[in-house]
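Reproduced below: model-v2.cif, with mmCIF, C-alpha atoms.
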data_query
#
loop_
_atom_site.group_PDB
_atom_site.id
_atom_site.type_symbol
_atom_site.label_atom_id
_atom_site.label_comp_id
_atom_site.auth_asym_id
_atom_site.auth_seq_id
_atom_site.Cartn_x
_atom_site.Cartn_y
_atom_site.Cartn_z
ATOM 1 C CA MET A 103 37.512 -24.644 -16.684
ATOM 2 C CA ALA A 104 39.618 -23.476 -13.773
ATOM 3 C CA SER A 105 39.783 -25.146 -10.420
ATOM 4 C CA ALA A 106 37.642 -23.676 -7.651
ATOM 5 C CA THR A 107 40.706 -23.468 -5.462
ATOM 6 C CA SER A 108 43.274 -21.886 -7.797
ATOM 7 C CA LEU A 109 42.708 -19.753 -10.883
ATOM 8 C CA THR A 110 39.771 -17.499 -11.505
ATOM 9 C CA GLY A 111 37.258 -19.180 -13.795
ATOM 10 C CA TRP A 112 34.162 -21.258 -14.296
ATOM 11 C CA THR A 113 33.675 -24.534 -12.464
ATOM 12 C CA ARG A 114 31.064 -27.021 -13.658
ATOM 13 C CA LEU A 115 28.942 -28.294 -10.777
ATOM 14 C CA ARG A 116 25.962 -30.485 -11.724
ATOM 15 C CA ASP A 117 22.693 -30.432 -13.688
ATOM 16 C CA GLY A 118 23.396 -27.207 -15.563
ATOM 17 C CA CYS A 119 24.854 -25.338 -12.588
ATOM 18 C CA HIS A 120 28.212 -23.578 -12.797
ATOM 19 C CA ALA A 121 30.210 -21.334 -10.467
ATOM 20 C CA TRP A 122 32.526 -18.449 -11.261
ATOM 21 C CA ILE A 123 35.110 -18.515 -8.485
ATOM 22 C CA ALA A 124 37.423 -15.575 -7.917
ATOM 23 C CA GLY A 125 40.956 -16.925 -7.775
ATOM 24 C CA GLY A 126 42.174 -14.288 -5.310
ATOM 25 C CA ASP A 127 41.270 -13.483 -1.732
ATOM 26 C CA GLY A 128 40.298 -10.201 -0.181
ATOM 27 C CA TRP A 129 37.660 -7.510 -0.295
ATOM 28 C CA GLY A 130 35.556 -7.395 -3.457
ATOM 29 C CA MET A 131 36.793 -10.666 -4.944
ATOM 30 C CA SER A 132 33.306 -12.075 -5.392
ATOM 31 C CA ASN A 133 31.849 -15.170 -7.006
ATOM 32 C CA ALA A 134 29.009 -15.572 -9.485
ATOM 33 C CA GLY A 135 26.998 -18.423 -10.941
ATOM 34 C CA LEU A 136 25.275 -19.656 -14.075
ATOM 35 C CA ILE A 137 22.244 -21.918 -14.258
ATOM 36 C CA THR A 138 21.442 -23.197 -17.740
ATOM 37 C CA GLY A 139 18.213 -24.656 -19.046
ATOM 38 C CA ARG A 140 16.860 -25.342 -22.533
ATOM 39 C CA GLY A 141 17.689 -22.233 -24.543
ATOM 40 C CA ALA A 142 18.012 -19.923 -21.529
ATOM 41 C CA ALA A 143 20.309 -19.219 -18.612
ATOM 42 C CA LEU A 144 20.242 -17.346 -15.324
ATOM 43 C CA LEU A 145 23.309 -15.425 -14.150
ATOM 44 C CA VAL A 146 23.749 -15.110 -10.388
ATOM 45 C CA ASP A 147 25.466 -11.747 -9.763
ATOM 46 C CA THR A 148 27.832 -9.624 -11.776
ATOM 47 C CA LEU A 149 31.251 -8.496 -10.545
ATOM 48 C CA TYR A 150 32.783 -5.347 -9.041
ATOM 49 C CA ASP A 151 33.898 -3.605 -12.205
ATOM 50 C CA LEU A 152 33.358 -3.737 -15.949
ATOM 51 C CA ARG A 153 36.696 -5.350 -16.796
ATOM 52 C CA LEU A 154 36.119 -8.297 -14.490
ATOM 53 C CA THR A 155 32.507 -8.710 -15.549
ATOM 54 C CA LYS A 156 33.386 -8.646 -19.257
ATOM 55 C CA ALA A 157 36.085 -11.267 -18.740
ATOM 56 C CA MET A 158 33.587 -13.460 -16.926
ATOM 57 C CA LEU A 159 30.935 -13.061 -19.616
ATOM 58 C CA ASP A 160 33.468 -13.744 -22.379
ATOM 59 C CA ALA A 161 34.505 -16.952 -20.638
ATOM 60 C CA LEU A 162 30.834 -17.983 -20.608
ATOM 61 C CA THR A 163 30.483 -17.902 -24.383
ATOM 62 C CA PRO A 164 30.685 -21.696 -24.890
ATOM 63 C CA LEU A 165 27.709 -22.088 -22.541
ATOM 64 C CA THR A 166 25.639 -19.044 -23.465
ATOM 65 C CA ALA A 167 25.881 -19.622 -27.218
ATOM 66 C CA THR A 168 23.027 -22.129 -26.918
ATOM 67 C CA ALA A 169 21.588 -20.894 -23.601
ATOM 68 C CA PRO A 170 21.753 -17.088 -23.615
ATOM 69 C CA ILE A 171 21.407 -15.181 -20.369
ATOM 70 C CA THR A 172 17.772 -14.144 -20.073
ATOM 71 C CA THR A 173 17.703 -13.501 -16.317
ATOM 72 C CA VAL A 174 20.139 -11.985 -13.837
ATOM 73 C CA VAL A 175 19.697 -12.250 -10.072
ATOM 74 C CA ASN A 176 21.619 -9.888 -7.820
ATOM 75 C CA THR A 177 21.913 -11.588 -4.446
ATOM 76 C CA HIS A 178 22.249 -8.283 -2.577
ATOM 77 C CA GLY A 179 23.112 -4.616 -2.867
ATOM 78 C CA ASN A 180 26.892 -4.573 -2.295
ATOM 79 C CA GLY A 181 28.642 -3.327 -5.416
ATOM 80 C CA ASP A 182 30.834 -6.386 -5.884
ATOM 81 C CA HIS A 183 27.666 -8.307 -6.752
ATOM 82 C CA TRP A 184 26.003 -5.849 -9.154
ATOM 83 C CA PHE A 185 28.320 -3.099 -10.488
ATOM 84 C CA GLY A 186 28.715 -5.120 -13.719
ATOM 85 C CA ASN A 187 24.967 -5.069 -14.421
ATOM 86 C CA GLN A 188 25.271 -2.546 -17.247
ATOM 87 C CA LEU A 189 26.810 -5.312 -19.391
ATOM 88 C CA VAL A 190 23.709 -7.531 -19.065
ATOM 89 C CA THR A 191 20.860 -5.062 -19.433
ATOM 90 C CA HIS A 192 19.407 -7.178 -22.245
ATOM 91 C CA ALA A 193 18.249 -9.581 -19.519
ATOM 92 C CA GLU A 194 15.620 -9.199 -16.811
ATOM 93 C CA ILE A 195 17.449 -8.214 -13.620
ATOM 94 C CA ILE A 196 15.837 -9.412 -10.387
ATOM 95 C CA ALA A 197 16.596 -8.600 -6.754
ATOM 96 C CA ALA A 198 14.873 -8.541 -3.401
ATOM 97 C CA ARG A 199 13.200 -5.255 -2.540
ATOM 98 C CA GLY A 200 15.698 -4.566 0.252
ATOM 99 C CA SER A 201 18.606 -5.109 -2.130
ATOM 100 C CA LEU A 202 17.264 -2.456 -4.491
ATOM 101 C CA ALA A 203 17.094 -0.009 -1.577
ATOM 102 C CA ASP A 204 20.765 -0.686 -0.794
ATOM 103 C CA MET A 205 21.756 -0.207 -4.441
ATOM 104 C CA ARG A 206 20.075 3.173 -4.526
ATOM 105 C CA GLN A 207 21.870 4.229 -1.356
ATOM 106 C CA VAL A 208 25.420 3.113 -2.225
ATOM 107 C CA GLY A 209 26.312 2.908 -5.896
ATOM 108 C CA PRO A 210 29.443 3.435 -7.985
ATOM 109 C CA ALA A 211 29.491 7.190 -7.380
ATOM 110 C CA GLU A 212 29.631 6.652 -3.634
ATOM 111 C CA MET A 213 32.452 4.121 -4.013
ATOM 112 C CA ARG A 214 34.429 6.543 -6.168
ATOM 113 C CA ALA A 215 33.927 9.193 -3.483
ATOM 114 C CA LEU A 216 34.993 6.856 -0.668
ATOM 115 C CA THR A 217 38.203 5.790 -2.388
ATOM 116 C CA ALA A 218 39.059 9.432 -3.133
ATOM 117 C CA MET A 219 38.904 10.550 0.512
ATOM 118 C CA ASP A 220 42.141 11.777 2.095
ATOM 119 C CA ASN A 221 41.520 10.307 5.540
ATOM 120 C CA PRO A 222 41.921 6.908 7.241
ATOM 121 C CA ALA A 223 38.688 5.591 5.697
ATOM 122 C CA GLY A 224 39.729 6.592 2.194
ATOM 123 C CA ARG A 225 43.244 5.262 2.547
ATOM 124 C CA PHE A 226 41.931 1.959 3.862
ATOM 125 C CA ALA A 227 39.384 1.774 1.029
ATOM 126 C CA ARG A 228 42.095 2.431 -1.574
ATOM 127 C CA ARG A 229 44.249 -0.296 -0.065
ATOM 128 C CA ILE A 230 41.540 -2.955 -0.146
ATOM 129 C CA PHE A 231 39.793 -1.888 -3.369
ATOM 130 C CA GLY A 232 42.786 -0.666 -5.366
ATOM 131 C CA ARG A 233 42.631 -3.644 -7.741
ATOM 132 C CA PHE A 234 39.209 -2.537 -9.057
ATOM 133 C CA ASP A 235 38.410 0.206 -11.564
ATOM 134 C CA PHE A 236 35.121 1.987 -10.903
ATOM 135 C CA THR A 237 35.635 4.341 -13.855
ATOM 136 C CA GLY A 238 32.710 4.194 -16.234
ATOM 137 C CA VAL A 239 30.519 2.088 -13.968
ATOM 138 C CA GLU A 240 26.941 3.331 -14.174
ATOM 139 C CA PRO A 241 24.141 1.920 -12.012
ATOM 140 C CA ALA A 242 21.949 -0.586 -13.872
ATOM 141 C CA LEU A 243 19.290 -1.328 -11.277
ATOM 142 C CA PRO A 244 17.022 -4.380 -11.134
ATOM 143 C CA THR A 245 13.996 -4.275 -13.380
ATOM 144 C CA ARG A 246 11.974 -6.582 -11.117
ATOM 145 C CA THR A 247 11.827 -6.987 -7.349
ATOM 146 C CA PHE A 248 10.301 -9.636 -5.117
ATOM 147 C CA ASP A 249 9.442 -10.169 -1.468
ATOM 148 C CA ASP A 250 10.104 -13.302 0.582
ATOM 149 C CA GLU A 251 10.314 -15.996 -2.103
ATOM 150 C CA THR A 252 9.672 -16.554 -5.783
ATOM 151 C CA VAL A 253 10.146 -19.456 -8.191
ATOM 152 C CA LEU A 254 11.557 -19.093 -11.712
ATOM 153 C CA ASP A 255 11.507 -21.447 -14.691
ATOM 154 C CA ILE A 256 14.795 -21.190 -16.550
ATOM 155 C CA GLY A 257 14.390 -23.317 -19.658
ATOM 156 C CA GLY A 258 12.717 -26.099 -17.683
ATOM 157 C CA THR A 259 14.960 -25.774 -14.612
ATOM 158 C CA GLU A 260 13.181 -24.734 -11.424
ATOM 159 C CA VAL A 261 15.050 -22.058 -9.464
ATOM 160 C CA HIS A 262 13.963 -20.778 -6.048
ATOM 161 C CA LEU A 263 14.859 -17.252 -4.933
ATOM 162 C CA ILE A 264 14.567 -16.769 -1.170
ATOM 163 C CA ASP A 265 15.152 -13.429 0.553
ATOM 164 C CA VAL A 266 16.669 -14.372 3.913
ATOM 165 C CA GLY A 267 17.536 -10.769 4.827
ATOM 166 C CA PRO A 268 17.872 -8.310 6.300
ATOM 167 C CA ALA A 269 21.066 -9.880 7.592
ATOM 168 C CA HIS A 270 24.368 -9.180 5.840
ATOM 169 C CA SER A 271 22.550 -6.344 4.057
ATOM 170 C CA ALA A 272 19.011 -5.022 3.743
ATOM 171 C CA GLY A 273 18.110 -7.863 1.376
ATOM 172 C CA ASP A 274 19.951 -11.170 0.962
ATOM 173 C CA THR A 275 18.830 -13.608 -1.713
ATOM 174 C CA ILE A 276 19.868 -17.234 -1.823
ATOM 175 C CA VAL A 277 19.389 -19.017 -5.150
ATOM 176 C CA HIS A 278 18.436 -22.672 -4.742
ATOM 177 C CA VAL A 279 18.328 -25.221 -7.563
ATOM 178 C CA PRO A 280 16.579 -28.178 -5.898
ATOM 179 C CA ARG A 281 17.126 -30.652 -8.740
ATOM 180 C CA ALA A 282 20.875 -30.092 -8.608
ATOM 181 C CA GLY A 283 21.233 -29.755 -4.851
ATOM 182 C CA VAL A 284 23.092 -26.476 -5.399
ATOM 183 C CA VAL A 285 22.673 -23.193 -3.511
ATOM 184 C CA TYR A 286 24.239 -19.861 -4.438
ATOM 185 C CA THR A 287 24.284 -17.996 -1.131
ATOM 186 C CA GLY A 288 25.546 -14.517 -1.905
ATOM 187 C CA ASP A 289 27.241 -13.109 1.182
ATOM 188 C CA ILE A 290 25.249 -15.149 3.651
ATOM 189 C CA VAL A 291 28.252 -17.482 3.344
ATOM 190 C CA PHE A 292 31.892 -16.395 3.240
ATOM 191 C CA ALA A 293 34.322 -19.295 2.819
ATOM 192 C CA ARG A 294 37.682 -18.732 4.549
ATOM 193 C CA ALA A 295 36.787 -15.093 5.236
ATOM 194 C CA THR A 296 35.120 -13.089 8.001
ATOM 195 C CA PRO A 297 31.417 -12.364 7.544
ATOM 196 C CA VAL A 298 30.437 -8.716 7.891
ATOM 197 C CA VAL A 299 27.063 -7.748 9.366
ATOM 198 C CA TRP A 300 26.401 -4.409 7.680
ATOM 199 C CA HIS A 301 22.723 -4.483 8.541
ATOM 200 C CA GLY A 302 21.603 -7.290 10.829
ATOM 201 C CA PRO A 303 19.954 -8.395 12.963
ATOM 202 C CA PHE A 304 22.255 -11.240 13.869
ATOM 203 C CA ALA A 305 19.230 -13.443 14.580
ATOM 204 C CA ARG A 306 18.088 -13.121 10.987
ATOM 205 C CA TRP A 307 21.490 -14.272 9.694
ATOM 206 C CA LEU A 308 21.522 -17.210 12.114
ATOM 207 C CA ALA A 309 18.060 -18.164 10.849
ATOM 208 C CA ALA A 310 19.384 -17.965 7.285
ATOM 209 C CA CYS A 311 22.165 -20.390 8.207
ATOM 210 C CA ASP A 312 19.596 -22.770 9.673
ATOM 211 C CA LEU A 313 17.553 -22.542 6.470
ATOM 212 C CA LEU A 314 20.608 -23.356 4.373
ATOM 213 C CA LEU A 315 21.355 -26.371 6.536
ATOM 214 C CA ASP A 316 17.745 -27.544 6.250
ATOM 215 C CA LEU A 317 17.981 -27.422 2.443
ATOM 216 C CA ASP A 318 20.607 -30.178 2.725
ATOM 217 C CA ALA A 319 22.303 -29.044 -0.492
ATOM 218 C CA HIS A 320 25.209 -31.027 -1.904
ATOM 219 C CA THR A 321 27.053 -27.920 -3.077
ATOM 220 C CA ILE A 322 27.209 -24.400 -1.684
ATOM 221 C CA VAL A 323 28.571 -21.535 -3.762
ATOM 222 C CA PRO A 324 29.499 -18.742 -1.328
ATOM 223 C CA GLY A 325 29.643 -15.064 -2.131
ATOM 224 C CA HIS A 326 33.396 -15.210 -1.554
ATOM 225 C CA GLY A 327 35.821 -18.119 -1.400
ATOM 226 C CA PRO A 328 35.855 -21.636 -2.832
ATOM 227 C CA VAL A 329 32.851 -23.850 -3.480
ATOM 228 C CA THR A 330 32.047 -25.485 -0.178
ATOM 229 C CA THR A 331 29.656 -27.575 1.929
ATOM 230 C CA SER A 332 27.388 -27.187 4.923
ATOM 231 C CA GLU A 333 30.428 -27.315 7.209
ATOM 232 C CA THR A 334 31.241 -23.732 6.230
ATOM 233 C CA VAL A 335 27.661 -22.684 6.994
ATOM 234 C CA ARG A 336 28.120 -24.082 10.493
ATOM 235 C CA GLU A 337 31.397 -22.185 10.859
ATOM 236 C CA ILE A 338 29.717 -18.920 9.859
ATOM 237 C CA ARG A 339 26.926 -19.605 12.347
ATOM 238 C CA ASP A 340 29.448 -20.302 15.096
ATOM 239 C CA TYR A 341 31.385 -17.095 14.331
ATOM 240 C CA LEU A 342 28.243 -14.946 14.441
ATOM 241 C CA THR A 343 27.087 -16.550 17.679
ATOM 242 C CA TYR A 344 30.490 -16.058 19.299
ATOM 243 C CA VAL A 345 30.866 -12.412 18.240
ATOM 244 C CA HIS A 346 27.342 -11.548 19.383
ATOM 245 C CA GLU A 347 27.963 -13.116 22.787
ATOM 246 C CA GLN A 348 31.336 -11.401 23.201
ATOM 247 C CA ALA A 349 30.084 -7.988 22.103
ATOM 248 C CA ALA A 350 26.930 -8.214 24.235
ATOM 249 C CA ARG A 351 29.016 -9.030 27.298
ATOM 250 C CA ARG A 352 31.126 -5.911 26.771
ATOM 251 C CA PHE A 353 28.066 -3.774 26.035
ATOM 252 C CA THR A 354 26.563 -4.834 29.371
ATOM 253 C CA ALA A 355 29.837 -3.946 31.095
ATOM 254 C CA GLY A 356 29.650 -0.426 29.626
ATOM 255 C CA MET A 357 32.670 -0.772 27.343
ATOM 256 C CA PRO A 358 32.722 1.655 24.372
ATOM 257 C CA VAL A 359 32.176 -0.030 21.056
ATOM 258 C CA MET A 360 35.673 0.304 19.613
ATOM 259 C CA ASP A 361 37.227 -0.672 22.926
ATOM 260 C CA ALA A 362 35.118 -3.803 22.700
ATOM 261 C CA ALA A 363 36.274 -4.485 19.141
ATOM 262 C CA HIS A 364 39.904 -4.193 20.232
ATOM 263 C CA ASP A 365 39.301 -6.329 23.312
ATOM 264 C CA ILE A 366 37.587 -9.323 21.689
ATOM 265 C CA ARG A 367 39.889 -12.267 20.978
ATOM 266 C CA LEU A 368 38.742 -14.289 17.994
ATOM 267 C CA GLY A 369 40.207 -17.620 19.075
ATOM 268 C CA ARG A 370 39.557 -20.312 16.475
ATOM 269 C CA PHE A 371 38.201 -17.680 14.077
ATOM 270 C CA ALA A 372 41.415 -15.627 14.077
ATOM 271 C CA ASP A 373 42.643 -17.183 10.837
ATOM 272 C CA LEU A 374 39.628 -16.026 8.807
ATOM 273 C CA GLY A 375 40.557 -13.355 6.285
ATOM 274 C CA GLU A 376 39.562 -9.704 6.696
ATOM 275 C CA SER A 377 39.291 -9.953 10.493
ATOM 276 C CA GLU A 378 38.976 -6.151 10.731
ATOM 277 C CA ARG A 379 35.293 -6.621 9.857
ATOM 278 C CA LEU A 380 34.859 -7.362 13.543
ATOM 279 C CA ALA A 381 34.590 -3.589 14.073
ATOM 280 C CA VAL A 382 31.447 -3.413 11.948
ATOM 281 C CA ASN A 383 30.003 -6.510 13.584
ATOM 282 C CA VAL A 384 30.451 -5.122 17.095
ATOM 283 C CA HIS A 385 28.787 -1.866 16.042
ATOM 284 C CA THR A 386 25.832 -3.856 14.755
ATOM 285 C CA VAL A 387 25.490 -5.754 18.048
ATOM 286 C CA TYR A 388 25.583 -2.509 20.009
ATOM 287 C CA ARG A 389 22.872 -0.976 17.817
ATOM 288 C CA GLU A 390 20.713 -4.055 18.315
ATOM 289 C CA LEU A 391 21.080 -3.777 22.070
ATOM 290 C CA ASP A 392 20.546 -0.011 22.101
ATOM 291 C CA PRO A 393 18.392 1.100 19.143
ATOM 292 C CA SER A 394 18.922 4.741 20.133
ATOM 293 C CA LEU A 395 22.532 4.526 18.937
ATOM 294 C CA PRO A 396 22.815 6.207 15.532
ATOM 295 C CA PRO A 397 24.032 4.020 12.675
ATOM 296 C CA LEU A 398 27.417 4.926 11.224
ATOM 297 C CA ASP A 399 27.695 5.772 7.541
ATOM 298 C CA GLY A 400 30.024 3.903 5.216
ATOM 299 C CA PRO A 401 33.091 6.142 5.641
ATOM 300 C CA ALA A 402 32.784 5.977 9.448
ATOM 301 C CA LEU A 403 32.579 2.181 9.382
ATOM 302 C CA PHE A 404 35.602 1.978 7.087
ATOM 303 C CA ALA A 405 37.492 4.248 9.469
ATOM 304 C CA CYS A 406 36.705 1.849 12.328
ATOM 305 C CA MET A 407 37.969 -1.095 10.298
ATOM 306 C CA ALA A 408 41.076 0.851 9.347
ATOM 307 C CA GLU A 409 41.769 1.422 13.035
ATOM 308 C CA LEU A 410 41.318 -2.253 13.878
ATOM 309 C CA SER A 411 43.377 -3.338 10.873
ATOM 310 C CA ALA A 412 46.259 -1.108 11.976
ATOM 311 C CA ASP A 413 46.417 -3.000 15.277
ATOM 312 C CA ALA A 414 46.294 -6.460 13.713
#

For this file, produce the structure as structure tokens.
Amino acid sequence: MASATSLTGWTRLRDGCHAWIAGGDGWGMSNAGLITGRGAALLVDTLYDLRLTKAMLDALTPLTATAPITTVVNTHGNGDHWFGNQLVTHAEIIAARGSLADMRQVGPAEMRALTAMDNPAGRFARRIFGRFDFTGVEPALPTRTFDDETVLDIGGTEVHLIDVGPAHSAGDTIVHVPRAGVVYTGDIVFARATPVVWHGPFARWLAACDLLLDLDAHTIVPGHGPVTTSETVREIRDYLTYVHEQAARRFTAGMPVMDAAHDIRLGRFADLGESERLAVNVHTVYRELDPSLPPLDGPALFACMAELSADA
């Protein structure tokens, strides 16, 4: 199996837990997980397109030959964590109720439309998502939803699903395997990359970080980036706290939102990948502080990031 820090592939963790780690950086290069029990397995997330998902499933064959995938959990409603679902429809697909709402709002058709736009948003989307092929992707939505928390038995292995959203998105599920001390966090944790607060509130994401720290897990599998530890959770918490403070200060001073995004200096967080996500995060802070501000749709948010990226 490939190293978690080099090639794309499966990494064995402990007590039947495995992580699929994307070997490249950047938008959409997401991770997944596999939890095996006696005669059954749970897959945490599928990938952004059918080619990538098929390659991942094929690489799983030595494990799933004796423990077939009976359950799939989508950690949230961003396409890079569920667009491959149509290849695992033989299994029960589970997600938080908020995640299902996100999936219904932005699916493969919307992504195809975004990347086809002849404007700054479309050009930016093609640049960051050009490695993926959304052709033929059809939405395969969860067949079961849950609220708050639920516990699964996967061939004798106890697995806890906890919806810590809305935060990154409308629903954010962490998958905790207490016996193994392993947590699959979805996009509540980005390792070596900038978190993006599509939904918020920030306070909910900070609370999710505190919950992860309280679990005292040995191993954290982030939504993006290498397998990590609680130190990365603390870094994410620090970034969110800093950005909220900086954006709120500029909101109080009457600075327009994009002026604020250009004005904020990231300091020790400047080396995190995809720093243009700051534009979305500042918008989210402003909407929290003034709920009368209308939310921006996806193309408008991508246009804001394109603008910030051009100045980087």

Task: Given the PyMOL selection byres ((chain A and resi 246) around 10), the residues it picks as a PyMOL selection string - done: chain A and resi 175+194-199+202+243-245+247-248

Task: Chain and number of each residue from the PyMOL selection byres ((chain A and resi 116) around 12), as a ChimeraX atom specification - done: /A:113-115,117-121,136-138,279-285,319-322

Open item on the list: With distances taken over all atoms listed in the file, which residue among A:Thr296, A:Gln188, A:Thr386, A:Asn221 lies nearest Asp127 of chain A?
Closed with: A:Thr296

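Note that atom CA of Val382 of chain A and atom CA of Gly356 of chain A are 18.0 Å apart.
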
How close does segment 140-234 of chain A get to segment 395-409 of chain A? List, as a Markdown table, each residue of segment 140-234 of chain A within 9 Å, its nearest atom pair and the distance in Å to one decimal, counting only C-alpha atoms.
| residue | atom | partner | partner_atom | distance |
| --- | --- | --- | --- | --- |
| A:Val208 | CA | A:Gly400 | CA | 8.8 |
| A:Leu216 | CA | A:Pro401 | CA | 6.6 |
| A:Met219 | CA | A:Pro401 | CA | 8.9 |
| A:Asn221 | CA | A:Ala405 | CA | 8.3 |
| A:Pro222 | CA | A:Ala405 | CA | 5.6 |
| A:Ala223 | CA | A:Ala405 | CA | 4.2 |
| A:Gly224 | CA | A:Pro401 | CA | 7.5 |
| A:Arg225 | CA | A:Ala408 | CA | 8.4 |
| A:Phe226 | CA | A:Ala408 | CA | 5.7 |
| A:Ala227 | CA | A:Phe404 | CA | 7.1 |

Open item on the list: What does the structure give for the distance between atom CA of Thr275 of chain A and atom CA of Arg370 of chain A, in Å to one decimal?
Closed with: 28.4 Å
